[in-house]
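File shown here: coords-v3.csv, holding CSV, C-alpha atoms and all ligand atoms.
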chain,number,residue,atom,x,y,z
X,1,MET,CA,83.1,53.1,181.0
X,2,THR,CA,86.0,53.9,183.2
X,3,VAL,CA,89.3,52.1,182.9
X,4,SER,CA,90.5,51.0,186.4
X,5,SER,CA,94.1,50.9,187.3
X,6,PRO,CA,95.8,47.4,187.3
X,7,CYS,CA,95.9,45.5,190.5
X,8,ARG,CA,99.5,45.7,191.7
X,9,VAL,CA,100.9,42.4,193.0
X,10,ALA,CA,104.0,41.8,195.2
X,11,LEU,CA,105.3,38.3,195.7
X,12,LEU,CA,106.9,36.8,198.8
X,13,GLY,CA,109.0,33.7,197.9
X,14,PHE,CA,110.4,32.7,194.6
X,15,GLY,CA,110.2,28.9,195.0
X,16,ALA,CA,108.0,26.3,193.3
X,17,VAL,CA,104.8,28.2,193.7
X,18,GLY,CA,106.1,31.7,193.7
X,19,SER,CA,108.1,31.3,190.5
X,20,ALA,CA,105.1,29.8,188.8
X,21,VAL,CA,102.9,32.7,189.9
X,22,ALA,CA,105.6,35.2,188.7
X,23,ARG,CA,105.8,33.5,185.3
X,24,ARG,CA,102.1,33.6,184.8
X,25,LEU,CA,101.9,37.3,186.0
X,26,THR,CA,104.7,38.3,183.6
X,27,CYS,CA,103.9,36.2,180.5
X,28,ALA,CA,102.8,37.9,177.3
X,29,ASP,CA,99.4,36.0,177.2
X,30,PRO,CA,96.9,38.7,178.1
X,31,ASP,CA,94.4,36.0,179.4
X,32,SER,CA,96.9,34.7,181.9
X,33,SER,CA,96.3,37.4,184.5
X,34,PRO,CA,94.1,40.3,183.2
X,35,GLY,CA,94.2,43.5,185.1
X,36,THR,CA,97.2,42.7,187.2
X,37,GLN,CA,100.8,43.9,187.3
X,38,LEU,CA,103.7,42.2,189.2
X,39,THR,CA,105.6,45.0,190.9
X,40,HIS,CA,107.9,43.3,193.5
X,41,ILE,CA,109.5,39.9,194.2
X,42,PHE,CA,110.8,39.4,197.7
X,43,ASP,CA,113.1,36.4,198.4
X,44,ARG,CA,116.1,35.8,200.7
X,45,ARG,CA,118.2,34.9,197.6
X,46,ALA,CA,116.7,37.6,195.3
X,47,ASP,CA,120.2,38.5,194.0
X,48,GLN,CA,120.8,35.0,192.8
X,49,LYS,CA,117.3,34.3,191.4
X,50,SER,CA,116.6,37.6,189.6
X,51,ALA,CA,118.3,36.4,186.5
X,52,SER,CA,115.9,33.5,186.1
X,53,LEU,CA,113.0,35.6,185.0
X,54,ARG,CA,112.8,38.5,182.6
X,55,THR,CA,110.9,41.0,184.7
X,56,ASP,CA,111.2,44.5,183.3
X,57,GLY,CA,109.9,47.0,185.9
X,58,VAL,CA,109.7,44.4,188.7
X,59,VAL,CA,111.7,45.2,191.8
X,60,TRP,CA,113.7,42.2,193.3
X,61,THR,CA,114.4,42.6,196.9
X,62,SER,CA,115.6,40.8,200.1
X,63,ALA,CA,114.1,43.5,202.4
X,64,ILE,CA,110.5,42.8,203.4
X,65,ASP,CA,110.0,46.6,204.1
X,66,ASP,CA,110.4,47.3,200.4
X,67,VAL,CA,107.1,45.3,199.9
X,68,LEU,CA,105.4,46.6,203.1
X,69,HIS,CA,106.1,50.2,202.1
X,70,SER,CA,105.3,49.8,198.5
X,71,ASP,CA,102.1,50.7,196.6
X,72,ALA,CA,101.2,47.0,195.9
X,73,ASP,CA,97.5,46.3,196.3
X,74,VAL,CA,98.0,42.5,196.9
X,75,VAL,CA,100.8,40.6,198.6
X,76,VAL,CA,101.1,36.9,197.7
X,77,GLU,CA,102.8,34.9,200.4
X,78,ALA,CA,104.5,31.8,199.0
X,79,ILE,CA,107.3,31.4,201.6
X,80,GLY,CA,105.8,28.5,203.6
X,81,GLY,CA,106.2,27.6,207.3
X,82,VAL,CA,104.5,29.4,210.2
X,83,GLU,CA,107.0,32.1,211.0
X,84,PRO,CA,108.0,34.6,209.6
X,85,ALA,CA,105.2,34.0,207.1
X,86,ALA,CA,102.3,34.6,209.6
X,87,GLY,CA,104.0,37.8,210.9
X,88,TRP,CA,104.5,39.1,207.3
X,89,ILE,CA,100.9,38.4,206.4
X,90,ARG,CA,99.8,40.4,209.4
X,91,ALA,CA,102.2,43.2,208.6
X,92,ALA,CA,100.9,43.3,205.0
X,93,LEU,CA,97.3,43.6,206.1
X,94,LEU,CA,98.2,46.3,208.6
X,95,ALA,CA,100.0,48.1,205.8
X,96,GLY,CA,96.6,48.2,203.9
X,97,LYS,CA,97.3,45.3,201.4
X,98,SER,CA,95.1,42.4,200.6
X,99,VAL,CA,96.9,39.0,200.9
X,100,VAL,CA,96.8,35.7,199.0
X,101,THR,CA,98.5,32.8,200.6
X,102,ALA,CA,99.2,29.1,199.8
X,103,ASN,CA,100.2,28.5,203.4
X,104,LYS,CA,98.0,25.8,205.1
X,105,GLN,CA,100.1,25.9,208.3
X,106,VAL,CA,99.5,29.6,208.8
X,107,ILE,CA,95.8,29.4,207.9
X,108,ALA,CA,95.2,26.4,210.1
X,109,ARG,CA,96.8,28.1,213.1
X,110,HIS,CA,96.1,31.8,212.6
X,111,GLY,CA,93.4,31.9,209.9
X,112,ALA,CA,90.6,33.2,212.1
X,113,SER,CA,92.6,36.0,213.6
X,114,LEU,CA,94.1,37.0,210.3
X,115,LEU,CA,90.6,37.0,208.6
X,116,THR,CA,89.4,39.2,211.5
X,117,LEU,CA,92.3,41.6,210.9
X,118,ALA,CA,91.7,41.6,207.2
X,119,ALA,CA,88.0,42.5,207.7
X,120,ARG,CA,88.9,45.2,210.2
X,121,GLN,CA,91.4,46.7,207.7
X,122,GLY,CA,88.8,46.6,204.9
X,123,ARG,CA,91.1,44.2,203.0
X,124,GLN,CA,90.9,40.6,201.8
X,125,LEU,CA,92.7,37.4,202.8
X,126,ARG,CA,92.3,34.6,200.4
X,127,PHE,CA,93.8,31.1,200.6
X,128,GLU,CA,92.3,28.8,197.9
X,129,ALA,CA,95.8,27.4,197.3
X,130,ALA,CA,96.3,26.3,200.9
X,131,VAL,CA,94.0,23.3,200.4
X,132,GLY,CA,93.9,21.0,197.4
X,133,GLY,CA,96.3,22.8,195.0
X,134,ALA,CA,94.3,23.6,191.9
X,135,MET,CA,91.2,21.7,193.2
X,136,PRO,CA,88.9,24.6,194.2
X,137,ILE,CA,87.7,23.1,197.5
X,138,VAL,CA,88.0,26.2,199.6
X,139,ARG,CA,85.4,28.0,197.5
X,140,ALA,CA,83.3,24.8,197.1
X,141,VAL,CA,83.0,24.3,200.8
X,142,GLY,CA,83.1,27.9,202.0
X,143,GLU,CA,80.9,29.4,199.3
X,144,GLY,CA,79.3,27.0,196.9
X,145,LEU,CA,77.9,24.7,199.6
X,146,ALA,CA,77.4,27.4,202.2
X,147,GLY,CA,73.6,27.0,201.7
X,148,ASP,CA,73.7,23.5,203.1
X,149,ARG,CA,74.5,21.9,206.4
X,150,ILE,CA,77.7,20.0,205.7
X,151,THR,CA,78.0,16.8,207.8
X,152,ARG,CA,81.0,15.0,206.4
X,153,ILE,CA,84.2,15.5,204.3
X,154,VAL,CA,86.2,12.5,203.1
X,155,ALA,CA,89.2,13.5,201.1
X,156,ILE,CA,92.7,12.9,199.7
X,157,LEU,CA,94.5,16.2,200.6
X,158,ASN,CA,98.2,15.3,200.3
X,159,GLY,CA,99.5,15.0,196.8
X,160,THR,CA,102.9,13.7,197.9
X,161,THR,CA,101.5,10.8,199.9
X,162,ASN,CA,99.1,10.0,197.1
X,163,ALA,CA,101.9,9.9,194.6
X,164,VAL,CA,103.8,7.5,196.8
X,165,LEU,CA,100.9,5.1,197.6
X,166,SER,CA,99.6,5.1,194.0
X,167,GLN,CA,103.1,4.4,192.7
X,168,MET,CA,103.4,1.4,195.1
X,169,GLU,CA,100.0,0.2,193.9
X,170,ALA,CA,100.9,0.6,190.2
X,171,THR,CA,104.5,-0.8,190.2
X,172,GLY,CA,104.7,-3.1,193.2
X,173,CYS,CA,107.7,-1.2,194.5
X,174,GLY,CA,108.4,-0.5,198.2
X,175,LEU,CA,107.7,2.8,200.0
X,176,ASP,CA,111.4,4.0,199.8
X,177,ALA,CA,111.5,3.5,196.0
X,178,ALA,CA,108.1,5.3,195.6
X,179,VAL,CA,109.4,8.2,197.7
X,180,ARG,CA,112.5,8.5,195.5
X,181,ASP,CA,110.3,8.4,192.4
X,182,ALA,CA,108.0,11.2,193.9
X,183,GLN,CA,111.1,13.3,194.7
X,184,GLY,CA,112.4,12.8,191.1
X,185,ARG,CA,109.1,14.1,189.8
X,186,GLY,CA,109.2,17.1,192.1
X,187,TYR,CA,106.2,15.9,194.2
X,188,ALA,CA,108.1,15.2,197.4
X,189,GLU,CA,110.6,17.2,199.5
X,190,THR,CA,113.9,15.8,200.7
X,191,ASP,CA,112.2,15.0,204.0
X,192,PRO,CA,108.7,13.9,203.2
X,193,SER,CA,107.7,13.0,206.8
X,194,ALA,CA,105.2,15.9,207.2
X,195,ASP,CA,103.3,14.5,204.2
X,196,LEU,CA,103.5,10.8,205.0
X,197,ASP,CA,102.8,11.3,208.7
X,198,GLY,CA,99.6,13.2,207.9
X,199,HIS,CA,100.6,16.5,209.5
X,200,ASP,CA,100.1,18.4,206.2
X,201,ALA,CA,96.7,16.8,205.5
X,202,ARG,CA,95.5,17.4,209.1
X,203,ALA,CA,96.3,21.2,208.8
X,204,LYS,CA,94.2,21.2,205.6
X,205,LEU,CA,91.4,19.2,207.3
X,206,ALA,CA,91.4,21.7,210.2
X,207,ILE,CA,90.8,24.5,207.6
X,208,LEU,CA,88.0,22.6,206.0
X,209,CYS,CA,86.4,22.0,209.5
X,210,ALA,CA,86.3,25.8,210.0
X,211,LEU,CA,84.8,26.4,206.5
X,212,ALA,CA,82.3,23.5,206.6
X,213,PHE,CA,81.3,23.2,210.2
X,214,GLY,CA,82.3,26.6,211.7
X,215,LEU,CA,84.6,25.0,214.2
X,216,ARG,CA,87.9,26.3,215.5
X,217,VAL,CA,90.0,23.0,215.3
X,218,ASP,CA,93.6,22.9,216.3
X,219,PRO,CA,95.4,20.5,213.9
X,220,ALA,CA,96.8,18.7,216.9
X,221,GLN,CA,93.2,17.6,217.8
X,222,ILE,CA,93.1,15.6,214.6
X,223,ASP,CA,94.3,12.0,215.1
X,224,THR,CA,96.9,10.9,212.5
X,225,GLN,CA,98.4,7.6,211.6
X,226,SER,CA,101.5,7.6,209.4
X,227,SER,CA,101.5,6.2,205.9
X,228,ALA,CA,105.3,5.6,206.2
X,229,SER,CA,104.8,2.0,207.4
X,230,VAL,CA,102.5,0.9,204.5
X,231,THR,CA,104.0,-2.2,202.8
X,232,GLN,CA,103.4,-4.1,199.6
X,233,ALA,CA,101.8,-6.8,201.7
X,234,ASP,CA,99.1,-4.3,202.7
X,235,PHE,CA,98.5,-3.6,199.0
X,236,VAL,CA,98.3,-7.4,198.3
X,237,GLN,CA,95.7,-7.9,201.0
X,238,ALA,CA,93.7,-4.8,199.9
X,239,ARG,CA,93.7,-6.0,196.3
X,240,GLN,CA,92.4,-9.5,197.4
X,241,ARG,CA,89.4,-7.7,199.0
X,242,GLY,CA,88.8,-5.5,195.9
X,243,GLY,CA,90.4,-2.4,197.1
X,244,THR,CA,93.6,-0.4,197.4
X,245,ILE,CA,95.2,2.0,199.9
X,246,ARG,CA,95.1,5.8,200.1
X,247,GLN,CA,95.9,8.4,202.8
X,248,ILE,CA,92.4,9.6,203.7
X,249,ALA,CA,91.5,12.7,205.7
X,250,ARG,CA,88.0,12.4,207.2
X,251,ALA,CA,85.8,14.7,209.3
X,252,ASP,CA,82.3,14.0,210.5
X,253,TYR,CA,80.3,16.6,212.5
X,254,ASP,CA,77.2,15.7,214.4
X,255,HIS,CA,75.4,19.1,214.6
X,256,ARG,CA,72.9,17.7,217.2
X,257,THR,CA,75.5,16.7,219.7
X,258,SER,CA,78.2,19.1,218.6
X,259,THR,CA,80.7,16.2,218.2
X,260,LEU,CA,83.5,16.1,215.7
X,261,THR,CA,85.3,13.0,214.6
X,262,ALA,CA,88.3,13.8,212.5
X,263,TRP,CA,91.4,11.8,211.5
X,264,VAL,CA,94.0,11.2,208.8
X,265,ALA,CA,95.2,7.7,208.1
X,266,PRO,CA,96.1,5.2,205.3
X,267,ILE,CA,93.0,3.1,204.8
X,268,GLU,CA,91.6,0.6,202.4
X,269,VAL,CA,89.3,2.2,199.7
X,270,ALA,CA,87.2,0.3,197.2
X,271,ALA,CA,88.8,-0.1,193.7
X,272,SER,CA,85.7,1.5,192.2
X,273,SER,CA,85.8,4.6,194.4
X,274,ILE,CA,86.9,8.1,193.4
X,275,PHE,CA,89.8,7.7,195.8
X,276,ALA,CA,91.2,4.6,194.1
X,277,ARG,CA,91.1,6.5,190.8
X,278,THR,CA,93.0,9.4,192.3
X,279,VAL,CA,96.6,8.8,191.3
X,280,GLY,CA,99.9,10.7,191.3
X,281,ALA,CA,99.7,14.1,193.0
X,282,GLN,CA,96.0,14.4,192.4
X,283,ASN,CA,93.6,15.2,195.3
X,284,ALA,CA,89.9,14.4,195.6
X,285,ALA,CA,87.1,15.1,198.1
X,286,LEU,CA,83.5,13.9,198.7
X,287,ILE,CA,81.5,16.5,200.7
X,288,THR,CA,78.2,15.4,202.2
X,289,GLY,CA,75.4,17.9,203.0
X,290,THR,CA,72.0,17.4,204.5
X,291,HIS,CA,70.2,18.9,201.5
X,292,SER,CA,72.6,18.4,198.6
X,293,GLY,CA,73.7,14.8,199.4
X,294,GLU,CA,77.2,14.0,198.1
X,295,THR,CA,79.3,16.5,196.0
X,296,GLY,CA,82.6,15.3,194.5
X,297,ILE,CA,85.6,17.3,193.5
X,298,PHE,CA,88.8,16.2,192.0
X,299,GLY,CA,92.0,17.8,190.6
X,300,ALA,CA,95.7,18.5,190.6
X,301,GLY,CA,96.6,18.7,194.3
X,302,ALA,CA,100.3,19.8,194.1
X,303,GLY,CA,103.0,21.3,191.9
X,304,GLY,CA,104.0,24.9,191.4
X,305,GLU,CA,102.1,25.3,188.1
X,306,ALA,CA,98.8,23.8,189.4
X,307,THR,CA,99.0,25.7,192.7
X,308,ALA,CA,99.6,28.9,190.9
X,309,VAL,CA,96.2,28.5,189.3
X,310,ALA,CA,94.5,28.8,192.7
X,311,VAL,CA,96.7,31.8,193.6
X,312,LEU,CA,95.9,33.6,190.4
X,313,GLY,CA,92.2,32.8,190.9
X,314,ASP,CA,92.4,34.6,194.3
X,315,ILE,CA,94.3,37.5,192.8
X,316,ALA,CA,91.6,37.8,190.1
X,317,ALA,CA,88.9,37.9,192.7
X,318,ILE,CA,90.6,40.7,194.5
X,319,ALA,CA,91.4,42.6,191.2
X,320,ARG,CA,87.7,42.4,190.3
X,321,ASP,CA,86.6,44.2,193.5
X,322,LYS,CA,89.5,45.6,195.5
X,323,ALA,CA,87.1,47.2,198.0
X,324,ALA,CA,85.2,44.0,198.8
X,325,VAL,CA,85.2,43.1,202.4
X,326,VAL,CA,85.0,39.4,203.3
X,327,PRO,CA,83.4,39.0,206.7
X,328,ALA,CA,85.5,37.0,209.2
X,329,PRO,CA,84.0,33.7,210.1
X,330,VAL,CA,82.5,33.1,213.6
X,331,LEU,CA,84.1,29.9,214.8
X,332,ARG,CA,82.8,27.7,217.7
X,333,SER,CA,85.1,26.2,220.2
X,334,ASN,CA,82.4,24.5,222.3
X,335,PHE,CA,82.4,21.1,220.6
X,336,LYS,CA,83.6,17.7,221.6
X,337,VAL,CA,86.2,15.8,219.6
X,338,LEU,CA,85.9,12.0,219.6
X,339,SER,CA,89.1,10.3,220.4
X,340,SER,CA,90.9,8.1,217.9
X,341,VAL,CA,88.6,6.4,215.3
X,342,LEU,CA,91.3,4.8,213.3
X,343,ALA,CA,90.1,1.2,213.5
X,344,GLU,CA,90.0,1.1,209.7
X,345,ALA,CA,93.7,2.2,209.3
X,346,VAL,CA,96.1,-0.1,207.5
R,401,LIG,N1,104.7,23.1,196.1
R,401,LIG,C1,103.5,22.7,196.1
R,401,LIG,O1,103.1,21.8,195.3
R,401,LIG,C2,102.5,23.4,197.0
R,401,LIG,C3,101.1,23.1,196.8
R,401,LIG,C4,100.2,23.8,197.6
R,401,LIG,C5,100.6,24.7,198.6
R,401,LIG,N2,102.0,25.0,198.7
R,401,LIG,C6,102.4,25.9,199.7
R,401,LIG,O2,103.0,27.0,199.0
R,401,LIG,C7,104.0,27.6,199.9
R,401,LIG,C8,105.3,27.7,199.1
R,401,LIG,O3,105.7,26.3,198.8
R,401,LIG,P1,106.8,26.0,197.7
R,401,LIG,O4,106.7,24.6,197.4
R,401,LIG,O5,106.8,27.1,196.7
R,401,LIG,O6,108.1,26.2,198.6
R,401,LIG,P2,109.6,26.5,198.2
R,401,LIG,O7,109.8,25.9,196.8
R,401,LIG,O8,110.5,26.0,199.3
R,401,LIG,O9,109.6,28.1,198.0
R,401,LIG,C9,109.7,28.9,199.2
R,401,LIG,C10,110.5,30.2,198.7
R,401,LIG,O10,110.5,31.1,199.8
R,401,LIG,C11,111.9,31.4,200.1
R,401,LIG,N3,112.0,31.7,201.5
R,401,LIG,C12,111.8,30.8,202.5
R,401,LIG,N4,112.0,31.3,203.7
R,401,LIG,C13,112.3,32.6,203.5
R,401,LIG,C14,112.5,33.7,204.3
R,401,LIG,N5,112.6,33.6,205.6
R,401,LIG,N6,112.8,34.9,203.7
R,401,LIG,C15,112.8,35.1,202.4
R,401,LIG,N7,112.6,34.1,201.5
R,401,LIG,C16,112.3,32.8,202.1
R,401,LIG,C17,112.7,30.2,199.6
R,401,LIG,O11,114.1,30.6,199.4
R,401,LIG,P3,115.2,29.4,199.3
R,401,LIG,O12,115.2,29.0,197.8
R,401,LIG,O13,116.4,30.1,199.7
R,401,LIG,O14,114.8,28.3,200.2
R,401,LIG,C18,112.0,29.8,198.4
R,401,LIG,O15,112.4,30.6,197.3
R,401,LIG,C19,104.0,26.7,201.1
R,401,LIG,O16,103.2,27.3,202.1
R,401,LIG,C20,103.4,25.4,200.7
R,401,LIG,O17,102.8,24.7,201.7
R,401,LIG,C21,102.9,24.3,197.9
Let me see the file written as structure tokens.
Amino acid sequence: MTVSSPCRVALLGFGAVGSAVARRLTCADPDSSPGTQLTHIFDRRADQKSASLRTDGVVWTSAIDDVLHSDADVVVEAIGGVEPAAGWIRAALLAGKSVVTANKQVIARHGASLLTLAARQGRQLRFEAAVGGAMPIVRAVGEGLAGDRITRIVAILNGTTNAVLSQMEATGCGLDAAVRDAQGRGYAETDPSADLDGHDARAKLAILCALAFGLRVDPAQIDTQSSASVTQADFVQARQRGGTIRQIARADYDHRTSTLTAWVAPIEVAASSIFARTVGAQNAALITGTHSGETGIFGAGAGGEATAVAVLGDIAAIARDKAAVVPAPVLRSNFKVLSSVLAEAV
């Protein structure tokens, strides 16, 4: 039996997700990240943050070239935003590294071209953390259900909005108080509008449309209705009808007519449904296939620790087989998108 060299990992971004990944990669527990070694942490405030983690042998840097010119096998992108993150992922692939990213905005906009580049370079681009946090929906849709013809995805994909709406339901408070509570628990950013307005969830839904239906969907093609105007009166009415309110992302694809219907909106869901039982920063999804029927998946949808689980799973997959080539998906653009189907929205 040969002993293979450890998989060398460089991290971009030492925020909520990046710091959780770094802690797991450097902790003494050998089961935490077998066969891996953290070599670099890149962050714009590396000099200030380097004291927060005991990292013998790890290079802290604010120069991206230190990572690109290093001997790291895998670059983990946990910076966020579209640029410079997308450019750095491209540069890392061109430098011969595999990449793991938690970045839904980059994958929704540039995933297809980056996956093509990765395949051309003989490297891997993995992004389980970009959708659903620790809930392994990217593998479920992209691999586990690949033998089916998926026709529908209905999901809660934004942990922040779910934390806000489920708090309003549980306590009877208003939206502003629920947002403050979510911020206090670390589930919401100072400006939660990308979450409440549905822009975060629609980027994730666009990724799922590529994986499930093979479609190249621009997130802007997905209708969204904001959850920011949901009130206690809406919850009272929903409760009287035996339901509650959640931000739902839904995509239906009619394979016969090549027609996609996709939207994100706050809607009433039955109190007995998996969605009503999804509280706090959890996510959930029901995936419908022609042959498998309905498959449900549920889990921690946000938070650094939970999201690091998905990142570490991707690193482990690469470490198991560094030479594996993941073929780039062939995505169709010749499909129709039905205009707004938000009649159910609250
Ligand atoms: N947090 C979650 O629950 C969660 C869940 C799933 C996916 N994600 C995704 O994970 C990614 C990271 O999210 P996060 O919550 O960890 O964000 P975050 O806490 O804001 O961390 C981002 C880190 O990157 C650094 N950074 C930002 N721009 C930089 C630049 N241009 N150069 C160098 N360093 C830079 C930041 O430095 P400063 O400290 O100076 O800002 C910060 O340390 C995002 O794509 C996000 O969508 C997050």
The residue from X:Gly184, X:Gly313, X:Gly289, X:Gly80 with the smallest atom-to-atom distance to ligand LIG 401 (chain R), counting all atoms listed in the file, is X:Gly80
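Closest approach to ligand LIG 401 (chain R) among X:Leu157, X:Val74, X:Cys7, X:Leu175 is made by X:Leu157 (distances from only C-alpha atoms and all ligand atoms).
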Do you know which residues are within 7 Å of ligand LIG 401 (chain R) using all atoms listed in the file? Can you write them as JSON, numbers by chain?
{"X": [12, 13, 14, 15, 16, 17, 18, 42, 43, 44, 45, 62, 78, 79, 80, 81, 84, 102, 103, 104, 129, 130, 131, 132, 133, 187, 301, 302, 303, 304, 307]}
- prompt: Which neighbours of Leu38 of chain X fall inside 7 Å, counting all atoms listed in the file, when residues of the same chain fewer than 3 positions from it are skipped, and could you give them as a list in words?
  reply: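 Once the adjacent positions are removed, what remains is Arg8, Val9, Ala10, Leu25, Thr26 and Val58 of chain X.
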Quiz item: Which residue out of X:Gly122, X:His69, X:His40, X:Ile107 has the minimum interatomic distance to Val325 of chain X when all atoms listed in the file are used?
Solution: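 Closest candidate: X:Gly122.
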| request: Work out how far apart atom CA of Leu205 of chain X and atom CA of Gln183 of chain X are and give it in Å to one decimal. | output: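 If I compute the distance from atom CA of Leu205 of chain X to atom CA of Gln183 of chain X, I get 24.1 Å.
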Item to check | Nearest to Ala310 of chain X, chosen from X:Ala108, X:Val100, X:Val179, X:Val346, with only C-alpha atoms counted in the distances | outcome: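 When distances to Ala310 of chain X are compared using only C-alpha atoms, the smallest one comes from X:Val100.
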For Gly111 of chain X, the closest of X:Ile318, X:Ala285, X:Val326, X:Phe127 counting only C-alpha atoms is X:Phe127
**Asked** Expressed in Å to a single decimal, how great is the separation between atom CA of Thr278 of chain X and atom CA of Gln232 of chain X?
**Response**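 Distance between the two atoms: 18.5 Å.
Of note, atom CA of Leu286 of chain X and atom CA of Asp254 of chain X are spaced 17.0 Å apart.
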(message) (85.0, 25.5, 198.6) in this file's frame - what residues fall within 9 Å of it? Use all atoms listed in the file and give the answer as a list in words.
(response) Glu128, Pro136, Ile137, Val138, Arg139, Ala140, Val141, Gly142, Glu143, Gly144, Leu145, Ala146, Leu208, Leu211 and Ala212 of chain X
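Proximity ranking of X:Asp314, X:Asp200, X:Asp321, X:Asp191 relative to Thr101 of chain X places X:Asp314 first, based on only C-alpha atoms.
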Residue contacts of His291 of chain X (12 Å, only C-alpha atoms) excluding same-chain residues fewer than 2 positions away, as a list in words: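 Final neighbour list, sorted by chain and number: Leu145, Ala146, Gly147, Asp148, Arg149, Ile150, Thr151, Ile287, Thr288, Gly289, Gly293, Glu294 and Thr295 of chain X.
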Give me, as a list in words, all polymer residues having an atom no more than 9 Å from Ser193 of chain X, counting all atoms listed in the file and skipping those fewer than 6 positions away in the same chain.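 The residues that qualify are His199, Ser226 and Ala228 of chain X.
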Exercise for review: Up to 10 Å from (91.0, 11.8, 202.2) in the file's coordinates: name the residues, counting only C-alpha atoms, as a ChimeraX atom specification.
Suggested key: /X:153-158,162,201-202,205,246-251,263-267,275,283-286
Need the shell around Ser5 of chain X: protein/DNA/RNA residues with any atom at most 12 Å away, counting all atoms listed in the file. Skip same-chain ones fewer than 6 positions apart. Format as a short mmCIF file (atom, residue, chain, number, x, y, z; two decimals) with C-alpha atoms, in the frame of the given file?
data_model
loop_
_atom_site.label_atom_id
_atom_site.label_comp_id
_atom_site.auth_asym_id
_atom_site.auth_seq_id
_atom_site.Cartn_x
_atom_site.Cartn_y
_atom_site.Cartn_z
CA PRO X 34 94.10 40.30 183.20
CA GLY X 35 94.20 43.50 185.10
CA THR X 36 97.20 42.70 187.20
CA GLN X 37 100.80 43.90 187.30
CA ALA X 72 101.20 47.00 195.90
CA ASP X 73 97.50 46.30 196.30
CA ALA X 319 91.40 42.60 191.20
CA ARG X 320 87.70 42.40 190.30
CA ASP X 321 86.60 44.20 193.50
CA LYS X 322 89.50 45.60 195.50
#
Give me the residues within 9 Å of Thr160 of chain X as a PyMOL selection string, counting all atoms listed in the file and dropping any in the same chain fewer than 3 places off.
chain X and resi 163-165+179+182-183+187-189+192+195-196+280-282+301-302
Can you give me N, CA and C atoms for segment 300-313 of chain X, written as a short mmCIF file (atom, residue, chain, number, x, y, z; two decimals), keeping the file's coordinate frame?
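Saved result, rebuild-v3.cif, follows:
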data_model
loop_
_atom_site.label_atom_id
_atom_site.label_comp_id
_atom_site.auth_asym_id
_atom_site.auth_seq_id
_atom_site.Cartn_x
_atom_site.Cartn_y
_atom_site.Cartn_z
N ALA X 300 94.27 18.51 190.35
CA ALA X 300 95.70 18.50 190.60
C ALA X 300 95.96 19.10 192.00
N GLY X 301 96.54 18.28 192.88
CA GLY X 301 96.60 18.70 194.30
C GLY X 301 97.97 19.29 194.66
N ALA X 302 98.96 19.29 193.77
CA ALA X 302 100.30 19.80 194.10
C ALA X 302 101.03 20.20 192.86
N GLY X 303 102.19 20.81 193.08
CA GLY X 303 103.00 21.30 191.90
C GLY X 303 102.86 22.77 191.80
N GLY X 304 103.97 23.42 191.47
CA GLY X 304 104.00 24.90 191.40
C GLY X 304 102.95 25.40 190.37
N GLU X 305 102.94 24.82 189.17
CA GLU X 305 102.10 25.30 188.10
C GLU X 305 100.59 25.20 188.52
N ALA X 306 100.23 24.02 189.04
CA ALA X 306 98.80 23.80 189.40
C ALA X 306 98.44 24.71 190.58
N THR X 307 99.31 24.85 191.56
CA THR X 307 99.00 25.70 192.70
C THR X 307 98.87 27.13 192.33
N ALA X 308 99.68 27.55 191.35
CA ALA X 308 99.60 28.90 190.90
C ALA X 308 98.23 29.26 190.31
N VAL X 309 97.54 28.25 189.78
CA VAL X 309 96.20 28.50 189.30
C VAL X 309 95.27 28.99 190.37
N ALA X 310 95.36 28.35 191.54
CA ALA X 310 94.50 28.80 192.70
C ALA X 310 94.92 30.17 193.15
N VAL X 311 96.24 30.43 193.19
CA VAL X 311 96.70 31.80 193.60
C VAL X 311 96.20 32.84 192.65
N LEU X 312 96.31 32.56 191.35
CA LEU X 312 95.90 33.60 190.40
C LEU X 312 94.35 33.76 190.43
N GLY X 313 93.61 32.70 190.75
CA GLY X 313 92.20 32.80 190.90
C GLY X 313 91.84 33.81 192.06
#
